[in-house]
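Below is one structure, written out as structure tokens, with a few remarks after it.
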Amino acid sequence: MTNKKNRAARAVVATSAVAALMTLAACSGGGSTGADGDGGLSGTVNVIGYSGIWQERYTEAVIQPFQEANPGVTINYVAKRSSAEMLSALQSQQSNPGTDVALMDQSVAKSGNDQGLFAELTEDEIPNLANVKDEFLDPDGFGPVVHLDGIGILYDTTVFDEAPTSWEELWNDDWKGKVNLMAPPSLLGLAVTAVASTLEGEDYTQSVDEGVAKLKELAPNVQTFAPNPDEWQSIITGQTVIGVGQNARGQYYADESDGKLGIAFPEEGTIYQLNTVNLVENAPNEAAAQAFVDYTLSEEAQLAFAEALYYAPSVDVDIPAETAERIVATDGSIEILPLETEFLASVRDSWTEIWKKDIISQ
């Protein structure tokens, strides 16, 4: 079941991409599995994923081209604000799944894998798994990383003459009541927990006591731990002047705001935000869902979404220079703070409780 087995020998399968998978699906299932009587794919694939501009751009870049190539298939996209909300929805459906595919953060997907919510994948079913870089494959054969981003500092360019270069800027007394920060279970809050411990010279895999003490000092600067409408608009509208957010959507909103919003990766390093594509166990429309998962890992779909919303691909694909310079680097050219998926999944609940009790209450 491993994705890595005989990768080189089977890489040729990936060149057939969705077409090969469609043929396989047509031979192996009837209408209940998403194959119609003419040998094509049919039915509705229910996809759960992020809301807002992510949904809009993903629909245009990935979903619509897939539907055009598969006119018998309709993608029904259910939007959620966070991966935690997606996981909760999937847990409520486990005995009778209503979702086929989930696009969510890797650390939350790991919890879903452990709970039996997601199916293992093979290259026979998903040929384009052969395209995925080894470091972005799941070691147990579950859904791989499909896109990745980096977490950085969002800032108001009309307030800052130069981009902030350190995470320490969040603690600047000049910004009391002017910082926005999404609290855990959001990855943003979990990432800042690791950052705070790192700034204090603490190994956050062993203890976050020093980091929590530092975050208590940050609390008076924070206007909101749940930015409304979101961390990007909070700065664009002048509610706050600095905060924490993902690079990809930050790049989009930088353009939309005529440069009022800026985003920077601090010199101490950034943390990857890894999105995975997952096939739900006992998916209602498995054949069509497998075809959609396969398409998301194609070079075509990966390039389209990189250009649409500045997410870095998990497969090898040539990215135009003007896009490449705005997506998070995966070539070692920037410092990456390690935040391992299994570790993050193991501390998500405990760190969330620490924030509720010791930081947000300050």
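Convention: chains lettered A, B, ... in structure tokens order; per-chain residue numbering from 1; ligands numbered from 1 as shown.
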| request: Output as a count of residues only all residues of stretch 165-209 of chain A that backbone DSSP marks as helix (DSSP H, G or I). | output: 22
| said: When you look at stretch 81-94 of chain A with a cut-off of 12 Å (counting only C-alpha atoms), what residues show up, excluding the ones that are within fewer than 5 positions of it in the same chain? I need them as number ranges by chain. | reply: A: 46-55, 99-118, 182-188, 226-230, 273-284, 345, 348-349, 352
| Proximity to A:Ala308 - best of A:Asn221, A:Thr59, A:Gln206, A:Thr165, only C-alpha atoms |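 Of A:Asn221, A:Thr59, A:Gln206, A:Thr165, the one nearest A:Ala308, counting only C-alpha atoms, is A:Thr59.
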I'd like the contact shell of A:Trp355 - 10 Å cut-off, only C-alpha atoms, skipping same-chain residues fewer than 3 positions apart - returned as a PDB file with N, CA and C atoms, in the first residue's frame.
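The new file selection15.pdb reads:
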```pdb
ATOM      1  N   ALA A 183      -5.887  32.456  17.405  1.00  0.00           N
ATOM      2  CA  ALA A 183      -5.504  31.525  18.471  1.00  0.00           C
ATOM      3  C   ALA A 183      -5.677  30.079  18.024  1.00  0.00           C
ATOM      4  N   PRO A 184      -5.017  29.131  18.718  1.00  0.00           N
ATOM      5  CA  PRO A 184      -5.272  27.720  18.454  1.00  0.00           C
ATOM      6  C   PRO A 184      -6.744  27.400  18.698  1.00  0.00           C
ATOM      7  N   PRO A 185      -7.277  26.359  18.046  1.00  0.00           N
ATOM      8  CA  PRO A 185      -6.555  25.298  17.324  1.00  0.00           C
ATOM      9  C   PRO A 185      -6.062  25.664  15.936  1.00  0.00           C
ATOM     10  N   GLY A 189      -1.952  30.054  15.484  1.00  0.00           N
ATOM     11  CA  GLY A 189      -1.661  30.137  16.909  1.00  0.00           C
ATOM     12  C   GLY A 189      -0.683  29.078  17.365  1.00  0.00           C
ATOM     13  N   LEU A 190      -0.805  27.881  16.815  1.00  0.00           N
ATOM     14  CA  LEU A 190       0.132  26.818  17.163  1.00  0.00           C
ATOM     15  C   LEU A 190       1.545  27.177  16.697  1.00  0.00           C
ATOM     16  N   THR A 193       3.110  29.699  18.956  1.00  0.00           N
ATOM     17  CA  THR A 193       3.555  29.058  20.197  1.00  0.00           C
ATOM     18  C   THR A 193       4.972  28.527  20.031  1.00  0.00           C
ATOM     19  N   VAL A 212       5.037  30.281  26.600  1.00  0.00           N
ATOM     20  CA  VAL A 212       3.752  30.751  27.122  1.00  0.00           C
ATOM     21  C   VAL A 212       3.935  32.035  27.931  1.00  0.00           C
ATOM     22  N   LEU A 215       4.215  34.727  25.483  1.00  0.00           N
ATOM     23  CA  LEU A 215       2.930  35.021  24.858  1.00  0.00           C
ATOM     24  C   LEU A 215       2.010  35.801  25.795  1.00  0.00           C
ATOM     25  N   LYS A 216       2.134  35.589  27.099  1.00  0.00           N
ATOM     26  CA  LYS A 216       1.384  36.390  28.062  1.00  0.00           C
ATOM     27  C   LYS A 216       1.785  37.860  27.946  1.00  0.00           C
ATOM     28  N   SER A 350      -3.766  20.216  23.839  1.00  0.00           N
ATOM     29  CA  SER A 350      -3.179  20.737  25.080  1.00  0.00           C
ATOM     30  C   SER A 350      -2.741  22.188  24.909  1.00  0.00           C
ATOM     31  N   TRP A 351      -2.149  22.541  23.770  1.00  0.00           N
ATOM     32  CA  TRP A 351      -1.755  23.925  23.538  1.00  0.00           C
ATOM     33  C   TRP A 351      -2.982  24.834  23.433  1.00  0.00           C
ATOM     34  N   THR A 352      -4.051  24.331  22.849  1.00  0.00           N
ATOM     35  CA  THR A 352      -5.282  25.121  22.751  1.00  0.00           C
ATOM     36  C   THR A 352      -5.807  25.448  24.151  1.00  0.00           C
ATOM     37  N   ASP A 358      -4.348  30.572  29.891  1.00  0.00           N
ATOM     38  CA  ASP A 358      -3.223  31.397  30.322  1.00  0.00           C
ATOM     39  C   ASP A 358      -2.924  32.612  29.439  1.00  0.00           C
ATOM     40  N   ILE A 359      -3.429  32.631  28.208  1.00  0.00           N
ATOM     41  CA  ILE A 359      -3.029  33.703  27.300  1.00  0.00           C
ATOM     42  C   ILE A 359      -4.216  34.584  26.908  1.00  0.00           C
ATOM     43  N   ILE A 360      -5.262  33.984  26.355  1.00  0.00           N
ATOM     44  CA  ILE A 360      -6.414  34.774  25.923  1.00  0.00           C
ATOM     45  C   ILE A 360      -7.090  35.454  27.114  1.00  0.00           C
ATOM     46  N   SER A 361      -7.035  34.816  28.273  1.00  0.00           N
ATOM     47  CA  SER A 361      -7.695  35.367  29.469  1.00  0.00           C
ATOM     48  C   SER A 361      -6.942  36.539  30.086  1.00  0.00           C
ATOM     49  N   GLN A 362      -5.733  36.819  29.602  1.00  0.00           N
ATOM     50  CA  GLN A 362      -4.925  37.893  30.193  1.00  0.00           C
ATOM     51  C   GLN A 362      -5.540  39.265  29.917  1.00  0.00           C
TER      52      GLN A 362
END
```
| message | Between atom CA of A:Val179 and atom CA of A:Ile242, what distance in Å does the model show, to one decimal? | response |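 It comes out at 5.1 Å.
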| task | Rank A:Glu210, A:Thr270, A:Glu125, A:Gly150 by their smallest atom-to-atom distance to A:Asn247, using only C-alpha atoms, and report the top residue only. | result |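 Of all the options, A:Gly150 lies closest to A:Asn247.
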Mind dumping a table of every stretch 65-172 of chain A residue within 8 Å of stretch 39-45 of chain A, with the nearest atom pair and its distance in Å to one decimal, using only C-alpha atoms, sorted by chain and rising number, as CSV?
```
residue,atom,partner,partner_atom,distance
A:Asn70,CA,A:Leu41,CA,6.7
A:Pro71,CA,A:Ser42,CA,7.8
A:Gly72,CA,A:Ser42,CA,4.3
A:Val73,CA,A:Ser42,CA,4.6
A:Thr74,CA,A:Thr44,CA,4.7
A:Ile75,CA,A:Val45,CA,4.9
A:Asn76,CA,A:Val45,CA,6.0
A:Thr99,CA,A:Val45,CA,7.6
A:Asp100,CA,A:Val45,CA,6.0
A:Val101,CA,A:Val45,CA,7.6
```
| So which residues touch A:Trp175 within 12 Å, counting only C-alpha atoms, skipping near sequence neighbours fewer than 6 positions away, as a list of chain:residue names? |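 My list of contacting residues is A:Tyr155, A:Asp156, A:Val159, A:Phe160, A:Glu168, A:Glu169, A:Leu218, A:Ala219, A:Pro220, A:Asn221, A:Val222, A:Gln223, A:Gln239, A:Thr240, A:Val241, A:Ile242, A:Gly243.
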| message | Between A:Glu353, A:Glu342, A:Glu162, A:Glu68, which residue has the minimum interatomic distance to A:Thr205, considering only C-alpha atoms? | response |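 So, comparing all the options, the nearest one is A:Glu342.
You will find atom CA of A:Val244 at 9.6 Å from atom CA of A:Ala191.
Selecting strand (DSSP E or B) from the backbone DSSP output for stretch 192-281 of chain A yields Val222, Gln223, Thr224, Ile242, Gly243, Val244, Gly245, Gln246, Leu261, Gly262, Ile263, Ala264, Thr270, Ile271, Tyr272, Gln273, Leu274, Asn275, Thr276, Val277, Asn278, Leu279 and Val280 of chain A.
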| message | If we count only C-alpha atoms and set the cut-off at 10 Å, which residues sit around A:Asp209, ignoring sequence neighbours fewer than 6 positions away in its own chain? Please answer as a list in words. | response | Ala196, Ser197, Glu200, Glu202, Asp203, Leu215 and Ile354 of chain A
Requested write-out: N, CA and C atoms of the selected residues, as an mmCIF file, in the first residue's frame:
```
data_model
loop_
_atom_site.group_PDB
_atom_site.id
_atom_site.type_symbol
_atom_site.label_atom_id
_atom_site.label_comp_id
_atom_site.auth_asym_id
_atom_site.auth_seq_id
_atom_site.Cartn_x
_atom_site.Cartn_y
_atom_site.Cartn_z
ATOM 1 N N ALA A 196 7.415 31.512 19.747
ATOM 2 C CA ALA A 196 7.704 32.155 21.025
ATOM 3 C C ALA A 196 8.700 31.342 21.838
ATOM 4 N N SER A 197 8.527 30.028 21.861
ATOM 5 C CA SER A 197 9.475 29.175 22.583
ATOM 6 C C SER A 197 10.860 29.244 21.959
ATOM 7 N N GLU A 200 12.772 32.241 22.883
ATOM 8 C CA GLU A 200 13.267 32.166 24.259
ATOM 9 C C GLU A 200 14.338 31.099 24.435
ATOM 10 N N GLU A 202 13.937 27.914 23.912
ATOM 11 C CA GLU A 202 13.321 26.722 24.474
ATOM 12 C C GLU A 202 13.035 25.700 23.372
ATOM 13 N N ASP A 203 13.167 24.439 23.697
ATOM 14 C CA ASP A 203 12.810 23.365 22.780
ATOM 15 C C ASP A 203 11.321 23.085 22.965
ATOM 16 N N LEU A 215 4.215 34.727 25.483
ATOM 17 C CA LEU A 215 2.930 35.021 24.858
ATOM 18 C C LEU A 215 2.010 35.801 25.795
ATOM 19 N N ILE A 354 -4.046 25.613 26.900
ATOM 20 C CA ILE A 354 -3.120 26.556 27.531
ATOM 21 C C ILE A 354 -3.441 27.983 27.084
#
```
| request: One decimal, Å: what's the distance from atom CA of A:Ile336 over to atom CA of A:Leu148, could you say? | output: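 Value for the atom CA of A:Ile336-atom CA of A:Leu148 distance: 12.7 Å.
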Considering only C-alpha atoms, give me a table of residues in stretch 46-76 of chain A that are at most 9 Å from stretch 286-304 of chain A, with the closest atom pair and distance in Å for each, as a tab-separated table.
```
residue	atom	partner	partner_atom	distance
A:Asn46	CA	A:Ala289	CA	8.3
A:Val47	CA	A:Ala289	CA	8.7
A:Tyr58	CA	A:Ala304	CA	8.9
A:Glu60	CA	A:Ala304	CA	9.0
A:Ala61	CA	A:Ala304	CA	5.3
A:Val62	CA	A:Ala301	CA	5.5
A:Ile63	CA	A:Phe292	CA	8.4
A:Pro65	CA	A:Ala301	CA	8.4
A:Phe66	CA	A:Tyr295	CA	7.1
A:Val73	CA	A:Ala288	CA	7.3
```
| With only C-alpha atoms as the atoms that count, which of A:Asn128, A:Gln246, A:Ser333, A:Thr341 lies nearest to A:Tyr311? | A:Gln246
| message | Between A:Val192, A:Val145, A:Ala163, A:Gly177, which residue has the minimum interatomic distance to A:Leu261, considering only C-alpha atoms? | response |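 For A:Leu261, the nearest of the candidates is A:Ala163.
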